[in-house]
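K.L.:
Here you go, this is data_18.cif (mmCIF, N, CA and C atoms and all ligand atoms).
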```cif
data_data
#
loop_
_atom_site.group_PDB
_atom_site.id
_atom_site.type_symbol
_atom_site.label_atom_id
_atom_site.label_comp_id
_atom_site.auth_asym_id
_atom_site.auth_seq_id
_atom_site.Cartn_x
_atom_site.Cartn_y
_atom_site.Cartn_z
ATOM 1 N N MET A 1 47.526 -55.464 -43.053
ATOM 2 C CA MET A 1 48.569 -54.434 -43.174
ATOM 3 C C MET A 1 49.075 -54.067 -41.788
ATOM 4 N N THR A 2 50.226 -54.584 -41.428
ATOM 5 C CA THR A 2 50.772 -54.240 -40.120
ATOM 6 C C THR A 2 51.992 -53.355 -40.291
ATOM 7 N N THR A 3 51.740 -52.104 -40.504
ATOM 8 C CA THR A 3 52.839 -51.164 -40.641
ATOM 9 C C THR A 3 53.276 -50.695 -39.259
ATOM 10 N N PRO A 4 54.541 -50.870 -38.960
ATOM 11 C CA PRO A 4 55.019 -50.337 -37.680
ATOM 12 C C PRO A 4 55.005 -48.808 -37.693
ATOM 13 N N ALA A 5 55.023 -48.248 -36.533
ATOM 14 C CA ALA A 5 54.970 -46.794 -36.422
ATOM 15 C C ALA A 5 56.098 -46.149 -37.203
ATOM 16 N N ARG A 6 55.746 -45.103 -37.898
ATOM 17 C CA ARG A 6 56.761 -44.389 -38.653
ATOM 18 C C ARG A 6 57.201 -43.143 -37.907
ATOM 19 N N VAL A 7 58.131 -42.445 -38.493
ATOM 20 C CA VAL A 7 58.650 -41.238 -37.847
ATOM 21 C C VAL A 7 57.516 -40.259 -37.575
ATOM 22 N N GLU A 8 56.642 -40.163 -38.541
ATOM 23 C CA GLU A 8 55.507 -39.260 -38.387
ATOM 24 C C GLU A 8 54.635 -39.649 -37.201
ATOM 25 N N CYS A 9 54.449 -40.950 -37.069
ATOM 26 C CA CYS A 9 53.646 -41.443 -35.962
ATOM 27 C C CYS A 9 54.283 -41.085 -34.621
ATOM 28 N N VAL A 10 55.591 -41.216 -34.558
ATOM 29 C CA VAL A 10 56.282 -40.891 -33.315
ATOM 30 C C VAL A 10 56.091 -39.419 -32.980
ATOM 31 N N LYS A 11 56.139 -38.581 -34.006
ATOM 32 C CA LYS A 11 55.891 -37.157 -33.783
ATOM 33 C C LYS A 11 54.497 -36.929 -33.240
ATOM 34 N N VAL A 12 53.556 -37.625 -33.834
ATOM 35 C CA VAL A 12 52.178 -37.478 -33.391
ATOM 36 C C VAL A 12 52.013 -37.955 -31.957
ATOM 37 N N LEU A 13 52.651 -39.074 -31.662
ATOM 38 C CA LEU A 13 52.577 -39.590 -30.296
ATOM 39 C C LEU A 13 53.199 -38.606 -29.306
ATOM 40 N N ALA A 14 54.286 -37.980 -29.727
ATOM 41 C CA ALA A 14 54.923 -36.991 -28.863
ATOM 42 C C ALA A 14 53.992 -35.810 -28.623
ATOM 43 N N GLN A 15 53.247 -35.451 -29.660
ATOM 44 C CA GLN A 15 52.301 -34.346 -29.516
ATOM 45 C C GLN A 15 51.146 -34.732 -28.601
ATOM 46 N N ILE A 16 50.739 -35.972 -28.711
ATOM 47 C CA ILE A 16 49.689 -36.452 -27.816
ATOM 48 C C ILE A 16 50.182 -36.385 -26.376
ATOM 49 N N GLN A 17 51.439 -36.748 -26.221
ATOM 50 C CA GLN A 17 52.041 -36.683 -24.899
ATOM 51 C C GLN A 17 52.031 -35.236 -24.378
ATOM 52 N N ALA A 18 52.339 -34.319 -25.270
ATOM 53 C CA ALA A 18 52.319 -32.908 -24.901
ATOM 54 C C ALA A 18 50.913 -32.480 -24.513
ATOM 55 N N TYR A 19 49.943 -32.989 -25.228
ATOM 56 C CA TYR A 19 48.566 -32.660 -24.894
ATOM 57 C C TYR A 19 48.218 -33.137 -23.489
ATOM 58 N N VAL A 20 48.632 -34.368 -23.223
ATOM 59 C CA VAL A 20 48.358 -34.935 -21.908
ATOM 60 C C VAL A 20 48.993 -34.073 -20.819
ATOM 61 N N ASP A 21 50.148 -33.514 -21.139
ATOM 62 C CA ASP A 21 50.822 -32.635 -20.190
ATOM 63 C C ASP A 21 50.270 -31.217 -20.210
ATOM 64 N N GLY A 22 49.282 -30.989 -21.051
ATOM 65 C CA GLY A 22 48.652 -29.665 -21.107
ATOM 66 C C GLY A 22 49.455 -28.645 -21.875
ATOM 67 N N GLU A 23 50.263 -29.095 -22.843
ATOM 68 C CA GLU A 23 51.131 -28.157 -23.556
ATOM 69 C C GLU A 23 50.844 -28.090 -25.048
ATOM 70 N N LEU A 24 49.674 -28.498 -25.431
ATOM 71 C CA LEU A 24 49.393 -28.568 -26.854
ATOM 72 C C LEU A 24 48.337 -27.533 -27.221
ATOM 73 N N ASP A 25 48.546 -26.865 -28.345
ATOM 74 C CA ASP A 25 47.529 -25.905 -28.759
ATOM 75 C C ASP A 25 46.652 -26.470 -29.873
ATOM 76 N N VAL A 26 45.677 -25.695 -30.253
ATOM 77 C CA VAL A 26 44.648 -26.200 -31.165
ATOM 78 C C VAL A 26 45.225 -26.553 -32.531
ATOM 79 N N LEU A 27 46.175 -25.766 -33.003
ATOM 80 C CA LEU A 27 46.761 -26.041 -34.309
ATOM 81 C C LEU A 27 47.427 -27.406 -34.349
ATOM 82 N N GLU A 28 48.180 -27.698 -33.299
ATOM 83 C CA GLU A 28 48.851 -28.993 -33.257
ATOM 84 C C GLU A 28 47.839 -30.114 -33.171
ATOM 85 N N CYS A 29 46.748 -29.825 -32.507
ATOM 86 C CA CYS A 29 45.692 -30.824 -32.399
ATOM 87 C C CYS A 29 45.108 -31.153 -33.767
ATOM 88 N N SER A 30 44.931 -30.149 -34.592
ATOM 89 C CA SER A 30 44.366 -30.426 -35.906
ATOM 90 C C SER A 30 45.364 -31.188 -36.765
ATOM 91 N N ALA A 31 46.649 -30.990 -36.514
ATOM 92 C CA ALA A 31 47.669 -31.782 -37.212
ATOM 93 C C ALA A 31 47.553 -33.247 -36.817
ATOM 94 N N ILE A 32 47.303 -33.479 -35.560
ATOM 95 C CA ILE A 32 47.100 -34.855 -35.097
ATOM 96 C C ILE A 32 45.895 -35.455 -35.788
ATOM 97 N N GLU A 33 44.832 -34.696 -35.836
ATOM 98 C CA GLU A 33 43.612 -35.222 -36.432
ATOM 99 C C GLU A 33 43.802 -35.521 -37.913
ATOM 100 N N ARG A 34 44.547 -34.658 -38.586
ATOM 101 C CA ARG A 34 44.804 -34.886 -40.007
ATOM 102 C C ARG A 34 45.604 -36.173 -40.202
ATOM 103 N N HIS A 35 46.614 -36.358 -39.370
ATOM 104 C CA HIS A 35 47.415 -37.569 -39.462
ATOM 105 C C HIS A 35 46.539 -38.806 -39.233
ATOM 106 N N CYS A 36 45.604 -38.676 -38.333
ATOM 107 C CA CYS A 36 44.770 -39.829 -37.978
ATOM 108 C C CYS A 36 43.820 -40.237 -39.095
ATOM 109 N N THR A 37 43.534 -39.329 -40.002
ATOM 110 C CA THR A 37 42.679 -39.720 -41.119
ATOM 111 C C THR A 37 43.423 -40.663 -42.051
ATOM 112 N N ALA A 38 44.764 -40.629 -41.994
ATOM 113 C CA ALA A 38 45.557 -41.469 -42.888
ATOM 114 C C ALA A 38 46.248 -42.607 -42.165
ATOM 115 N N CYS A 39 46.140 -42.636 -40.860
ATOM 116 C CA CYS A 39 46.899 -43.624 -40.096
ATOM 117 C C CYS A 39 45.996 -44.309 -39.079
ATOM 118 N N ASP A 40 45.702 -45.550 -39.353
ATOM 119 C CA ASP A 40 44.799 -46.298 -38.484
ATOM 120 C C ASP A 40 45.361 -46.480 -37.076
ATOM 121 N N ALA A 41 46.657 -46.703 -37.007
ATOM 122 C CA ALA A 41 47.267 -46.969 -35.706
ATOM 123 C C ALA A 41 47.079 -45.777 -34.775
ATOM 124 N N CYS A 42 47.418 -44.594 -35.270
ATOM 125 C CA CYS A 42 47.292 -43.395 -34.444
ATOM 126 C C CYS A 42 45.822 -43.053 -34.212
ATOM 127 N N ALA A 43 45.004 -43.296 -35.213
ATOM 128 C CA ALA A 43 43.582 -43.007 -35.060
ATOM 129 C C ALA A 43 42.990 -43.811 -33.913
ATOM 130 N N ALA A 44 43.434 -45.064 -33.813
ATOM 131 C CA ALA A 44 42.932 -45.911 -32.736
ATOM 132 C C ALA A 44 43.365 -45.377 -31.371
ATOM 133 N N ILE A 45 44.601 -44.926 -31.303
ATOM 134 C CA ILE A 45 45.114 -44.381 -30.037
ATOM 135 C C ILE A 45 44.342 -43.132 -29.649
ATOM 136 N N VAL A 46 44.205 -42.248 -30.629
ATOM 137 C CA VAL A 46 43.546 -40.975 -30.347
ATOM 138 C C VAL A 46 42.092 -41.194 -29.964
ATOM 139 N N ARG A 47 41.477 -42.130 -30.637
ATOM 140 C CA ARG A 47 40.084 -42.417 -30.307
ATOM 141 C C ARG A 47 39.938 -42.885 -28.871
ATOM 142 N N GLY A 48 40.852 -43.770 -28.490
ATOM 143 C CA GLY A 48 40.832 -44.255 -27.113
ATOM 144 C C GLY A 48 41.043 -43.123 -26.125
ATOM 145 N N LEU A 49 41.970 -42.237 -26.469
ATOM 146 C CA LEU A 49 42.260 -41.129 -25.567
ATOM 147 C C LEU A 49 41.143 -40.102 -25.566
ATOM 148 N N GLN A 50 40.493 -39.962 -26.696
ATOM 149 C CA GLN A 50 39.390 -39.010 -26.753
ATOM 150 C C GLN A 50 38.308 -39.380 -25.760
ATOM 151 N N GLU A 51 38.095 -40.684 -25.661
ATOM 152 C CA GLU A 51 37.089 -41.132 -24.711
ATOM 153 C C GLU A 51 37.539 -40.903 -23.278
ATOM 154 N N THR A 52 38.850 -41.051 -23.083
ATOM 155 C CA THR A 52 39.366 -40.927 -21.720
ATOM 156 C C THR A 52 39.565 -39.475 -21.317
ATOM 157 N N ILE A 53 40.238 -38.706 -22.163
ATOM 158 C CA ILE A 53 40.649 -37.375 -21.742
ATOM 159 C C ILE A 53 40.090 -36.278 -22.618
ATOM 160 N N GLY A 54 39.298 -36.619 -23.633
ATOM 161 C CA GLY A 54 38.718 -35.581 -24.479
ATOM 162 C C GLY A 54 39.741 -34.917 -25.371
ATOM 163 N N LEU A 55 40.671 -35.696 -25.873
ATOM 164 C CA LEU A 55 41.741 -35.147 -26.709
ATOM 165 C C LEU A 55 41.199 -34.300 -27.856
ATOM 166 N N CYS A 56 41.779 -33.140 -28.020
ATOM 167 C CA CYS A 56 41.457 -32.233 -29.121
ATOM 168 C C CYS A 56 40.042 -31.659 -29.040
ATOM 169 N N ARG A 57 39.385 -31.865 -27.983
ATOM 170 C CA ARG A 57 38.037 -31.316 -27.890
ATOM 171 C C ARG A 57 38.009 -30.088 -27.017
ATOM 172 N N GLU A 58 38.682 -30.188 -25.922
ATOM 173 C CA GLU A 58 38.627 -29.076 -24.989
ATOM 174 C C GLU A 58 40.028 -28.647 -24.619
ATOM 175 N N VAL A 59 40.795 -28.334 -25.670
ATOM 176 C CA VAL A 59 42.173 -27.932 -25.441
ATOM 177 C C VAL A 59 42.212 -26.661 -24.611
ATOM 178 N N GLY A 60 43.077 -26.660 -23.633
ATOM 179 C CA GLY A 60 43.284 -25.465 -22.836
ATOM 180 C C GLY A 60 42.202 -25.226 -21.807
ATOM 181 N N ARG A 61 41.367 -26.179 -21.611
ATOM 182 C CA ARG A 61 40.357 -25.996 -20.569
ATOM 183 C C ARG A 61 40.863 -26.557 -19.252
ATOM 184 N N ALA A 62 40.015 -27.228 -18.561
ATOM 185 C CA ALA A 62 40.422 -27.724 -17.253
ATOM 186 C C ALA A 62 41.568 -28.714 -17.370
ATOM 187 N N PRO A 63 42.547 -28.627 -16.488
ATOM 188 C CA PRO A 63 43.618 -29.613 -16.491
ATOM 189 C C PRO A 63 43.060 -30.992 -16.153
ATOM 190 N N LEU A 64 43.732 -31.996 -16.701
ATOM 191 C CA LEU A 64 43.251 -33.357 -16.496
ATOM 192 C C LEU A 64 43.531 -33.809 -15.069
ATOM 193 N N PRO A 65 42.638 -34.594 -14.542
ATOM 194 C CA PRO A 65 42.950 -35.200 -13.244
ATOM 195 C C PRO A 65 44.189 -36.052 -13.373
ATOM 196 N N GLU A 66 44.990 -36.074 -12.337
ATOM 197 C CA GLU A 66 46.277 -36.745 -12.469
ATOM 198 C C GLU A 66 46.134 -38.238 -12.732
ATOM 199 N N SER A 67 45.088 -38.822 -12.208
ATOM 200 C CA SER A 67 44.888 -40.251 -12.451
ATOM 201 C C SER A 67 44.675 -40.520 -13.936
ATOM 202 N N VAL A 68 43.953 -39.622 -14.577
ATOM 203 C CA VAL A 68 43.667 -39.792 -16.002
ATOM 204 C C VAL A 68 44.895 -39.488 -16.843
ATOM 205 N N SER A 69 45.526 -38.346 -16.585
ATOM 206 C CA SER A 69 46.679 -37.972 -17.399
ATOM 207 C C SER A 69 47.827 -38.939 -17.188
ATOM 208 N N GLY A 70 47.980 -39.441 -15.991
ATOM 209 C CA GLY A 70 49.040 -40.403 -15.715
ATOM 210 C C GLY A 70 48.860 -41.675 -16.517
ATOM 211 N N ARG A 71 47.637 -42.112 -16.594
ATOM 212 C CA ARG A 71 47.361 -43.335 -17.343
ATOM 213 C C ARG A 71 47.570 -43.113 -18.833
ATOM 214 N N ALA A 72 47.104 -41.985 -19.322
ATOM 215 C CA ALA A 72 47.252 -41.680 -20.743
ATOM 216 C C ALA A 72 48.722 -41.528 -21.101
ATOM 217 N N ARG A 73 49.469 -40.871 -20.223
ATOM 218 C CA ARG A 73 50.890 -40.665 -20.482
ATOM 219 C C ARG A 73 51.612 -42.008 -20.559
ATOM 220 N N GLU A 74 51.242 -42.885 -19.671
ATOM 221 C CA GLU A 74 51.866 -44.203 -19.647
ATOM 222 C C GLU A 74 51.558 -44.969 -20.925
ATOM 223 N N GLN A 75 50.336 -44.841 -21.374
ATOM 224 C CA GLN A 75 49.899 -45.523 -22.590
ATOM 225 C C GLN A 75 50.708 -45.036 -23.791
ATOM 226 N N VAL A 76 50.851 -43.734 -23.905
ATOM 227 C CA VAL A 76 51.591 -43.158 -25.025
ATOM 228 C C VAL A 76 53.061 -43.538 -24.936
ATOM 229 N N LYS A 77 53.589 -43.516 -23.724
ATOM 230 C CA LYS A 77 54.994 -43.844 -23.531
ATOM 231 C C LYS A 77 55.278 -45.279 -23.971
ATOM 232 N N ARG A 78 54.365 -46.153 -23.606
ATOM 233 C CA ARG A 78 54.543 -47.546 -23.982
ATOM 234 C C ARG A 78 54.508 -47.696 -25.502
ATOM 235 N N LEU A 79 53.629 -46.968 -26.135
ATOM 236 C CA LEU A 79 53.542 -47.018 -27.590
ATOM 237 C C LEU A 79 54.821 -46.504 -28.232
ATOM 238 N N LEU A 80 55.353 -45.432 -27.671
ATOM 239 C CA LEU A 80 56.597 -44.879 -28.202
ATOM 240 C C LEU A 80 57.732 -45.884 -28.055
ATOM 241 N N GLU A 81 57.755 -46.555 -26.926
ATOM 242 C CA GLU A 81 58.823 -47.513 -26.692
ATOM 243 C C GLU A 81 58.707 -48.722 -27.610
ATOM 244 N N SER A 82 57.481 -49.122 -27.885
ATOM 245 C CA SER A 82 57.295 -50.311 -28.710
ATOM 246 C C SER A 82 57.429 -50.005 -30.188
ATOM 247 N N SER A 83 57.495 -48.729 -30.538
ATOM 248 C CA SER A 83 57.485 -48.397 -31.964
ATOM 249 C C SER A 83 58.873 -48.341 -32.583
ATOM 250 N N ARG A 84 59.917 -48.430 -31.810
ATOM 251 C CA ARG A 84 61.281 -48.565 -32.326
ATOM 252 C C ARG A 84 61.546 -47.911 -33.676
ATOM 253 N N VAL A 85 61.337 -46.671 -33.739
ATOM 254 C CA VAL A 85 61.589 -45.966 -34.991
ATOM 255 C C VAL A 85 62.962 -45.315 -34.892
ATOM 256 N N THR A 86 63.706 -45.475 -35.983
ATOM 257 C CA THR A 86 64.971 -44.754 -36.012
ATOM 258 C C THR A 86 64.709 -43.357 -36.538
ATOM 259 N N PRO A 87 65.019 -42.356 -35.756
ATOM 260 C CA PRO A 87 64.671 -40.978 -36.090
ATOM 261 C C PRO A 87 65.228 -40.519 -37.427
ATOM 262 N N GLU A 88 66.457 -40.887 -37.749
ATOM 263 C CA GLU A 88 67.046 -40.448 -39.019
ATOM 264 C C GLU A 88 67.801 -41.592 -39.671
ATOM 265 N N ARG A 89 67.877 -41.491 -40.960
ATOM 266 C CA ARG A 89 68.680 -42.487 -41.634
ATOM 267 C C ARG A 89 69.843 -41.828 -42.359
HETATM 268 ZN ZN ZN B 101 50.386 -42.648 -37.226
#
```
Write out the structure in this file as structure tokens.

P.N.:
Amino acid sequence: MTTPARVECVKVLAQIQAYVDGELDVLECSAIERHCTACDACAAIVRGLQETIGLCREVGRAPLPESVSGRAREQVKRLLESSRVTPER
């Protein structure tokens, strides 16, 4: 099953990006986690980021080191670019 990223996924990726930038709150984080229970693609991304930056674990705590957040941001950006979703039909 190779489903390309859907609109919902793009939203989730954008939220992950916000998290990396330190702008995400706990509620949005739980929305990400809920989406990940139904979406393998995003779950894989979040899992990878959880190991790197502790996504959704320590929201609002210490800011990420720039080397880490820069790498995570780049990763998410690349995913967004490769997901070619048309926002509206
Ligand atoms: Zn998804």

K.L.:
Can you pull out every residue within 9 Å of stretch 44-51 of chain A, counting only C-alpha atoms, but drop anything in the same chain fewer than 6 positions away, and send it as a PDB file with N, CA and C atoms, in the coordinates of the input?

P.N.:
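The resulting file, out.pdb, is reproduced below:
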```
ATOM      1  N   LEU A  13      52.651 -39.074 -31.662  1.00  0.00           N
ATOM      2  CA  LEU A  13      52.577 -39.590 -30.296  1.00  0.00           C
ATOM      3  C   LEU A  13      53.199 -38.606 -29.306  1.00  0.00           C
ATOM      4  N   ILE A  16      50.739 -35.972 -28.711  1.00  0.00           N
ATOM      5  CA  ILE A  16      49.689 -36.452 -27.816  1.00  0.00           C
ATOM      6  C   ILE A  16      50.182 -36.385 -26.376  1.00  0.00           C
ATOM      7  N   ILE A  32      47.303 -33.479 -35.560  1.00  0.00           N
ATOM      8  CA  ILE A  32      47.100 -34.855 -35.097  1.00  0.00           C
ATOM      9  C   ILE A  32      45.895 -35.455 -35.788  1.00  0.00           C
ATOM     10  N   GLU A  33      44.832 -34.696 -35.836  1.00  0.00           N
ATOM     11  CA  GLU A  33      43.612 -35.222 -36.432  1.00  0.00           C
ATOM     12  C   GLU A  33      43.802 -35.521 -37.913  1.00  0.00           C
ATOM     13  N   CYS A  36      45.604 -38.676 -38.333  1.00  0.00           N
ATOM     14  CA  CYS A  36      44.770 -39.829 -37.978  1.00  0.00           C
ATOM     15  C   CYS A  36      43.820 -40.237 -39.095  1.00  0.00           C
ATOM     16  N   ARG A  57      39.385 -31.865 -27.983  1.00  0.00           N
ATOM     17  CA  ARG A  57      38.037 -31.316 -27.890  1.00  0.00           C
ATOM     18  C   ARG A  57      38.009 -30.088 -27.017  1.00  0.00           C
ATOM     19  N   ALA A  72      47.104 -41.985 -19.322  1.00  0.00           N
ATOM     20  CA  ALA A  72      47.252 -41.680 -20.743  1.00  0.00           C
ATOM     21  C   ALA A  72      48.722 -41.528 -21.101  1.00  0.00           C
ATOM     22  N   GLN A  75      50.336 -44.841 -21.374  1.00  0.00           N
ATOM     23  CA  GLN A  75      49.899 -45.523 -22.590  1.00  0.00           C
ATOM     24  C   GLN A  75      50.708 -45.036 -23.791  1.00  0.00           C
ATOM     25  N   VAL A  76      50.851 -43.734 -23.905  1.00  0.00           N
ATOM     26  CA  VAL A  76      51.591 -43.158 -25.025  1.00  0.00           C
ATOM     27  C   VAL A  76      53.061 -43.538 -24.936  1.00  0.00           C
TER      28      VAL A  76
END
```

K.L.:
What separation in Å, quoted to one decimal, exists between atom N of A:Glu74 and atom CA of A:Cys9?

P.N.:
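Going from atom N of A:Glu74 over to atom CA of A:Cys9 covers 16.5 Å.
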
K.L.:
Choose the residue, out of A:Val7, A:Gln15, A:Val68, A:Lys77, that has the smallest atom-to-atom separation from ligand ZN 101 (chain B); count only C-alpha atoms and all ligand atoms.

P.N.:
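Smallest distance to ligand ZN 101 (chain B) is found for A:Val7.
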
K.L.:
Would you mind telling me which residue in A:Asp25, A:Ser30, A:Val12, A:Ser67 lies nearest to ligand ZN 101 (chain B) when using all atoms listed in the file?

P.N.:
A:Val12

K.L.:
Quick one: distance from atom CA of A:Val10 to atom N of A:Ala43 in Å, one decimal?

P.N.:
11.7 Å

K.L.:
When you draw a straight line from atom N of A:Ala38 to atom CA of A:Ala18, how long is it in Å?

P.N.:
20.2 Å

K.L.:
Counting all atoms listed in the file, which residue out of A:Thr52, A:Lys11, A:Glu66, A:Val20 sits closest to ligand ZN 101 (chain B)?

P.N.:
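Of all the options, A:Lys11 lies closest to ligand ZN 101 (chain B).
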